[in-house]
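Asker: My structure file my_file-v9.tsv, TSV, C-alpha atoms, is below:
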```tsv
chain	number	residue	atom	x	y	z
O	1	MET	CA	-23.03	-33.12	-90.95
O	2	SER	CA	-26.51	-34.66	-90.46
O	3	LYS	CA	-28.88	-33.51	-87.74
O	4	ILE	CA	-28.42	-36.85	-85.95
O	5	LYS	CA	-24.64	-36.42	-85.88
O	6	LEU	CA	-25.00	-32.85	-84.65
O	7	PHE	CA	-27.33	-34.03	-81.90
O	8	LEU	CA	-24.93	-36.79	-80.84
O	9	ALA	CA	-22.04	-34.33	-80.80
O	10	PHE	CA	-24.08	-31.95	-78.61
O	11	VAL	CA	-24.92	-34.77	-76.19
O	12	ALA	CA	-21.25	-35.79	-76.00
O	13	MET	CA	-20.10	-32.20	-75.29
O	14	SER	CA	-22.79	-31.79	-72.64
O	15	ALA	CA	-21.65	-34.99	-70.93
O	16	ILE	CA	-18.07	-33.75	-70.91
O	17	SER	CA	-19.16	-30.41	-69.37
O	18	VAL	CA	-21.22	-32.14	-66.67
O	19	SER	CA	-18.32	-34.49	-65.91
O	20	ALA	CA	-15.93	-31.53	-65.58
O	21	VAL	CA	-18.18	-29.87	-63.01
O	22	ALA	CA	-18.86	-33.12	-61.18
O	23	GLY	CA	-15.14	-33.88	-61.18
O	24	GLN	CA	-14.38	-31.04	-58.78
O	25	ALA	CA	-13.26	-33.02	-55.72
O	26	VAL	CA	-14.21	-31.51	-52.38
O	27	VAL	CA	-11.48	-31.13	-49.78
O	28	LYS	CA	-13.12	-32.73	-46.75
O	29	ARG	CA	-13.13	-31.77	-43.08
O	30	VAL	CA	-9.91	-32.33	-41.16
O	31	PRO	CA	-10.43	-34.70	-38.20
O	32	ALA	CA	-10.23	-33.10	-34.76
O	33	GLY	CA	-6.67	-33.08	-33.48
O	34	ALA	CA	-5.14	-33.59	-36.94
O	35	VAL	CA	-2.85	-31.13	-38.70
O	36	ALA	CA	-4.86	-28.79	-40.94
O	37	PHE	CA	-1.99	-26.79	-42.44
O	38	HIS	CA	1.69	-25.87	-42.01
O	39	PHE	CA	3.18	-22.44	-42.72
O	40	VAL	CA	6.44	-20.49	-42.69
O	41	PHE	CA	6.47	-16.95	-41.26
O	42	ASP	CA	8.40	-13.80	-40.45
O	43	LEU	CA	7.55	-11.34	-37.69
O	44	SER	CA	8.79	-7.75	-37.41
O	45	TYR	CA	9.25	-6.53	-33.83
O	46	VAL	CA	9.24	-2.95	-35.10
O	47	THR	CA	5.92	-2.93	-37.00
O	48	GLY	CA	4.24	-6.01	-35.54
O	49	GLU	CA	3.67	-7.33	-39.08
O	50	PHE	CA	3.36	-11.12	-39.29
O	51	VAL	CA	3.43	-12.62	-42.80
O	52	GLY	CA	4.15	-16.02	-44.30
O	53	TYR	CA	3.24	-18.70	-46.77
O	54	VAL	CA	1.37	-22.01	-46.47
O	55	ALA	CA	3.41	-25.12	-47.27
O	56	PHE	CA	0.76	-27.82	-46.70
O	57	ILE	CA	-3.04	-28.09	-46.47
O	58	GLU	CA	-4.55	-31.41	-45.45
O	59	GLY	CA	-6.51	-32.98	-48.30
O	60	VAL	CA	-5.14	-30.75	-51.05
O	61	ASP	CA	-3.41	-33.09	-53.51
O	62	SER	CA	-1.76	-30.61	-55.84
O	63	PRO	CA	1.57	-28.92	-55.04
O	64	LEU	CA	0.98	-25.60	-53.29
O	65	PHE	CA	3.80	-23.93	-55.22
O	66	ALA	CA	4.20	-22.74	-58.80
O	67	GLY	CA	7.77	-24.04	-58.89
O	68	PRO	CA	10.38	-24.91	-56.24
O	69	PRO	CA	8.89	-24.22	-52.76
O	70	SER	CA	9.50	-20.65	-51.62
O	71	LYS	CA	7.71	-17.48	-50.55
O	72	ASP	CA	7.80	-16.38	-54.20
O	73	THR	CA	6.05	-19.43	-55.62
O	74	ALA	CA	3.47	-20.11	-52.89
O	75	TYR	CA	-0.18	-19.99	-53.95
O	76	PHE	CA	-1.37	-19.53	-50.34
O	77	THR	CA	-0.09	-16.90	-47.90
O	78	VAL	CA	-0.95	-15.67	-44.40
O	79	ARG	CA	-0.92	-12.25	-42.77
O	80	ILE	CA	-2.10	-10.74	-39.51
O	81	THR	CA	-4.88	-8.42	-40.67
O	82	GLN	CA	-6.16	-7.22	-37.30
O	83	PRO	CA	-3.38	-5.96	-35.00
O	84	THR	CA	-2.86	-7.99	-31.86
O	85	PRO	CA	-3.09	-6.25	-28.47
O	86	PHE	CA	0.13	-5.17	-26.80
O	87	PRO	CA	1.74	-8.17	-25.02
O	88	ILE	CA	1.83	-8.40	-21.25
O	89	THR	CA	5.20	-9.59	-19.93
O	90	LEU	CA	4.94	-12.12	-17.11
O	91	PRO	CA	7.86	-12.30	-14.65
O	92	VAL	CA	10.03	-15.40	-14.45
O	93	GLU	CA	12.40	-14.43	-11.64
O	94	GLN	CA	14.30	-17.73	-11.60
O	95	ASP	CA	15.62	-17.36	-15.16
O	96	PRO	CA	16.63	-13.90	-16.44
O	97	GLU	CA	17.24	-15.30	-19.94
O	98	LEU	CA	13.65	-16.47	-20.31
O	99	THR	CA	10.76	-14.14	-21.18
O	100	VAL	CA	7.11	-15.13	-21.07
O	101	GLN	CA	4.44	-12.96	-22.65
O	102	LEU	CA	0.66	-13.11	-22.79
O	103	ILE	CA	-1.26	-11.55	-25.67
O	104	MET	CA	-4.97	-11.14	-25.03
O	105	PRO	CA	-7.64	-12.12	-27.61
O	106	GLY	CA	-8.49	-9.80	-30.48
O	107	GLY	CA	-5.96	-10.40	-33.24
O	108	GLN	CA	-6.98	-11.81	-36.61
O	109	PHE	CA	-5.04	-13.52	-39.37
O	110	THR	CA	-6.14	-14.18	-42.94
O	111	VAL	CA	-5.24	-16.85	-45.46
O	112	PHE	CA	-4.95	-15.56	-49.05
O	113	TYR	CA	-4.95	-17.37	-52.41
O	114	ASN	CA	-3.05	-15.97	-55.39
O	115	ALA	CA	-3.43	-17.89	-58.65
O	116	THR	CA	-0.35	-16.20	-60.13
O	117	PRO	CA	2.26	-15.88	-57.37
O	118	GLY	CA	5.34	-13.79	-58.01
O	119	PRO	CA	8.38	-12.36	-56.21
O	120	ARG	CA	7.66	-11.35	-52.61
O	121	ASP	CA	9.75	-9.38	-50.14
O	122	TRP	CA	9.55	-10.14	-46.42
O	123	ASN	CA	9.83	-6.39	-45.84
O	124	ASN	CA	6.73	-5.71	-47.94
O	125	PRO	CA	3.75	-7.20	-46.07
O	126	ASP	CA	1.33	-6.17	-48.82
O	127	ALA	CA	2.95	-8.73	-51.12
O	128	PHE	CA	1.61	-11.47	-48.84
O	129	SER	CA	-1.98	-10.22	-48.96
O	130	ASP	CA	-2.07	-9.67	-52.72
O	131	GLY	CA	-4.75	-12.24	-53.50
O	132	VAL	CA	-8.22	-13.49	-52.60
O	133	PRO	CA	-8.90	-13.73	-48.84
O	134	ILE	CA	-10.25	-17.25	-48.35
O	135	ALA	CA	-10.25	-17.63	-44.55
O	136	VAL	CA	-10.23	-15.25	-41.59
O	137	PHE	CA	-9.42	-16.47	-38.06
O	138	GLU	CA	-9.85	-14.60	-34.78
O	139	GLU	CA	-7.21	-15.44	-32.20
O	140	SER	CA	-7.69	-16.37	-28.57
O	141	ALA	CA	-5.18	-15.48	-25.85
O	142	LEU	CA	-1.63	-16.31	-26.93
O	143	MET	CA	1.17	-17.46	-24.63
O	144	SER	CA	4.73	-16.97	-25.89
O	145	SER	CA	7.98	-18.09	-24.29
O	146	GLN	CA	11.38	-16.81	-25.45
O	147	ALA	CA	14.77	-18.17	-24.37
O	148	PHE	CA	17.62	-15.83	-25.32
O	149	GLY	CA	20.67	-17.87	-24.36
O	150	PRO	CA	22.70	-18.91	-26.22
O	151	PHE	CA	22.14	-16.19	-28.84
O	152	PRO	CA	19.89	-15.89	-30.76
O	153	GLY	CA	17.76	-18.22	-28.68
O	154	VAL	CA	14.37	-19.67	-29.55
O	155	PHE	CA	10.71	-18.96	-28.96
O	156	SER	CA	7.49	-20.93	-28.99
O	157	ASN	CA	3.88	-19.80	-28.72
O	158	LYS	CA	0.44	-21.34	-28.89
O	159	PHE	CA	-3.11	-20.07	-29.35
O	160	SER	CA	-6.49	-21.14	-30.66
O	161	ALA	CA	-8.39	-19.27	-33.36
O	162	ARG	CA	-11.99	-19.55	-34.46
O	163	LEU	CA	-12.94	-19.30	-38.12
O	164	ILE	CA	-15.07	-16.18	-38.63
O	165	ASP	CA	-15.20	-15.97	-42.44
O	166	SER	CA	-14.39	-18.11	-45.46
O	167	THR	CA	-14.65	-18.00	-49.25
O	168	ARG	CA	-14.86	-21.08	-51.47
O	169	ILE	CA	-12.25	-21.42	-54.22
O	170	TYR	CA	-11.38	-23.99	-56.88
O	171	PHE	CA	-7.74	-25.02	-57.01
O	172	ASN	CA	-6.42	-27.52	-59.57
O	173	GLY	CA	-9.62	-29.54	-59.73
O	174	GLN	CA	-10.45	-29.35	-56.02
O	175	LYS	CA	-12.94	-27.24	-54.12
O	176	ILE	CA	-11.44	-25.72	-50.99
O	177	ASN	CA	-13.60	-24.12	-48.34
O	178	PHE	CA	-12.17	-23.55	-44.86
O	179	LYS	CA	-15.71	-23.60	-43.46
O	180	LYS	CA	-15.76	-27.28	-44.40
O	181	LEU	CA	-12.05	-27.90	-43.77
O	182	VAL	CA	-11.85	-26.48	-40.20
O	183	PRO	CA	-15.35	-25.23	-39.28
O	184	ASN	CA	-14.47	-24.79	-35.60
O	185	GLY	CA	-11.09	-23.20	-36.17
O	186	VAL	CA	-7.55	-24.30	-35.30
O	187	THR	CA	-4.99	-24.37	-32.54
O	188	ALA	CA	-1.67	-23.06	-33.81
O	189	THR	CA	1.84	-23.63	-32.48
O	190	ASN	CA	4.71	-21.46	-33.75
O	191	PHE	CA	8.41	-22.12	-33.24
O	192	GLY	CA	11.38	-20.07	-34.37
O	193	ASN	CA	14.39	-17.96	-33.46
O	194	ALA	CA	13.90	-15.53	-30.57
O	195	ILE	CA	15.42	-12.69	-32.54
O	196	ARG	CA	16.85	-12.03	-36.00
O	197	PHE	CA	18.27	-8.81	-37.43
O	198	LEU	CA	17.80	-7.51	-40.96
O	199	PRO	CA	20.77	-5.89	-42.72
O	200	ASP	CA	19.50	-2.48	-41.59
O	201	GLY	CA	19.39	-3.63	-37.96
O	202	ARG	CA	15.64	-4.07	-37.55
O	203	PRO	CA	14.81	-6.93	-35.13
O	204	GLY	CA	12.25	-9.63	-35.62
O	205	ALA	CA	11.71	-13.38	-35.59
O	206	SER	CA	11.10	-16.10	-38.14
O	207	GLY	CA	10.13	-19.75	-38.06
O	208	GLY	CA	7.47	-22.32	-38.83
O	209	GLY	CA	3.96	-22.97	-37.57
O	210	THR	CA	1.40	-25.77	-37.46
O	211	ALA	CA	-2.38	-25.39	-37.24
O	212	VAL	CA	-4.37	-28.30	-35.77
O	213	ALA	CA	-8.11	-28.66	-36.32
O	214	ILE	CA	-10.43	-28.04	-33.37
O	215	GLY	CA	-13.20	-30.62	-32.86
O	216	GLY	CA	-16.88	-30.12	-32.16
O	217	LYS	CA	-20.12	-29.98	-34.09
O	218	LEU	CA	-20.43	-28.12	-37.35
O	219	ARG	CA	-21.44	-24.52	-36.74
O	220	ASP	CA	-22.98	-24.18	-40.19
O	221	LYS	CA	-24.16	-27.02	-42.42
O	222	SER	CA	-25.32	-24.78	-45.26
O	223	ASP	CA	-22.23	-25.41	-47.40
O	224	ASP	CA	-22.75	-28.06	-50.07
O	225	ASP	CA	-20.40	-30.94	-50.82
```
Could you render the structure from this file as structure tokens?

Answerer:
Amino acid sequence: MSKIKLFLAFVAMSAISVSAVAGQAVVKRVPAGAVAFHFVFDLSYVTGEFVGYVAFIEGVDSPLFAGPPSKDTAYFTVRITQPTPFPITLPVEQDPELTVQLIMPGGQFTVFYNATPGPRDWNNPDAFSDGVPIAVFEESALMSSQAFGPFPGVFSNKFSARLIDSTRIYFNGQKINFKKLVPNGVTATNFGNAIRFLPDGRPGASGGGTAVAIGGKLRDKSDDD
């Protein structure tokens, strides 16, 4: 091959490499008040462990599962990584079947990314944090209401959480950085059954949650596009 052909081949390969880097689409900021992500969770009343998997992230085009949607195929998971304070029960004298609890600020939850998801067991919380931590949120005060009749009843809670740490990742041709996605944090609403029992009798709850982006100015503009 002549030197000219070698040079042209080098230029062509360089252009392809530059295009590949430039082709990394950036997942943009979620508008204030819009859904940032949805997740499915399980909570153990015995250990206080809260784990789950993310089913949707706004702006991420690729499927978030390595197969049919399930906890075993999810690329993104969540786990409470800083224990929440003990809940304070608030009296509701008019309705004995309704319990209202207040959990003070201090808990943290983390979003993890695992490029090679595999079988996970709800009873093994470590399986849901086996990956790269890409976002850490610190929770505000949480209000939870539980209605126990008819059995098993339902519960709903809501809290806000500020983003305190994030790590940029590349996922199927897109750059994801929660500092750009939800720089001011989220307000989360969880809904599920008030109580469920495992085969061995241990109580807990399970359900789904939605995180909505909080508005405001960017706290840090250092991240590139």

Asker: Determine, counting only C-alpha atoms, every residue of protein, DNA or RNA that lies within 7 Å of (-10.3, -14.5, -46.8) in the file coordinates, then give the result as a ChimeraX atom specification.

Answerer: /O:110-112,132-136,165-167

Asker: Tell me which protein, DNA and RNA residues are within 12 Å of Ser70 in chain O, counting only C-alpha atoms, leaving out same-chain ones fewer than 6 positions away, and put them as a list in words.

Answerer: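 With the cut-off at 12 Å, the set is Phe39, Val40, Phe41, Gly52, Tyr53, Val54, Ala55, Pro63, Leu64, Phe76, Thr77, Pro117, Gly118, Pro119, Arg120, Asp121 and Trp122 of chain O.
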
Asker: Could you turn the residues from that selection into a file that holds C-alpha atoms, as an mmCIF file, in the coordinates of the input?

Answerer:
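What ended up in result04.cif:
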```
data_model
loop_
_atom_site.group_PDB
_atom_site.id
_atom_site.type_symbol
_atom_site.label_atom_id
_atom_site.label_comp_id
_atom_site.auth_asym_id
_atom_site.auth_seq_id
_atom_site.Cartn_x
_atom_site.Cartn_y
_atom_site.Cartn_z
ATOM 1 C CA PHE O 39 3.180 -22.440 -42.720
ATOM 2 C CA VAL O 40 6.440 -20.490 -42.690
ATOM 3 C CA PHE O 41 6.470 -16.950 -41.260
ATOM 4 C CA GLY O 52 4.150 -16.020 -44.300
ATOM 5 C CA TYR O 53 3.240 -18.700 -46.770
ATOM 6 C CA VAL O 54 1.370 -22.010 -46.470
ATOM 7 C CA ALA O 55 3.410 -25.120 -47.270
ATOM 8 C CA PRO O 63 1.570 -28.920 -55.040
ATOM 9 C CA LEU O 64 0.980 -25.600 -53.290
ATOM 10 C CA PHE O 76 -1.370 -19.530 -50.340
ATOM 11 C CA THR O 77 -0.090 -16.900 -47.900
ATOM 12 C CA PRO O 117 2.260 -15.880 -57.370
ATOM 13 C CA GLY O 118 5.340 -13.790 -58.010
ATOM 14 C CA PRO O 119 8.380 -12.360 -56.210
ATOM 15 C CA ARG O 120 7.660 -11.350 -52.610
ATOM 16 C CA ASP O 121 9.750 -9.380 -50.140
ATOM 17 C CA TRP O 122 9.550 -10.140 -46.420
#
```

Asker: Which neighbours of Phe171 in chain O fall inside 12 Å, counting all atoms listed in the file, when residues of the same chain fewer than 4 positions from it are skipped, and could you give them as a list in words?

Answerer: Gln24, Ala25, Val26, Val27, Ile57, Gly59, Val60, Asp61, Ser62, Pro63, Leu64, Phe65, Tyr75, Phe76, Tyr113, Asn114, Ala115, Thr116, Ile134, Lys175, Ile176 and Asn177 of chain O

Asker: Quick one: distance from CA of Ala213 in chain O to CA of Gly106 in chain O in Å, one decimal?

Answerer: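 Atom-to-atom, CA of Ala213 in chain O and CA of Gly106 in chain O are spaced 19.7 Å apart.
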
Asker: Using only C-alpha atoms, what residues lie at most 12 Å away from (14.4, -14.5, -32.1) (file coordinates), given as a ChimeraX atom specification?

Answerer: /O:42-45,98-99,144-156,191-198,202-207

Asker: Pro83 in chain O: which residues within 8 Å, counting all atoms listed in the file, same-chain residues fewer than 3 positions away excluded, as a list in words?

Answerer: Gly48, Ile80, Gly106, Gly107 and Gln108 of chain O

Asker: Within 7 Å of range 28-31 of chain O, counting all atoms listed in the file, which residues show up once you throw out same-chain ones fewer than 5 positions away? Write them as a list in words, please.

Answerer: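 My list of contacting residues is Ala36, Glu58, Gly59, Lys180, Leu181, Val182 and Ala213 of chain O.
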
Asker: Could the residues in this selection be written to a file with C-alpha atoms, as a CSV table (one decimal), in the frame of the given file?

Answerer:
```csv
chain,number,residue,atom,x,y,z
O,36,ALA,CA,-4.9,-28.8,-40.9
O,58,GLU,CA,-4.6,-31.4,-45.4
O,59,GLY,CA,-6.5,-33.0,-48.3
O,180,LYS,CA,-15.8,-27.3,-44.4
O,181,LEU,CA,-12.0,-27.9,-43.8
O,182,VAL,CA,-11.8,-26.5,-40.2
O,213,ALA,CA,-8.1,-28.7,-36.3
```

Asker: Between CA of Pro105 in chain O and CA of Met143 in chain O, what distance in Å does the model show, to one decimal?

Answerer: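 Rounded to one decimal, the two atoms are 10.7 Å apart.
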
Asker: Counting only C-alpha atoms, what is within 8 Å of Gly185 in chain O, bar same-chain residues fewer than 4 positions away, as a PyMOL selection string?

Answerer: chain O and resi 137+160-163+213-214

Asker: Between CA of Thr89 in chain O and CA of Gly209 in chain O, what is the spacing in Å?

Answerer: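 Separation between CA of Gly209 in chain O and CA of Thr89 in chain O: 22.2 Å.
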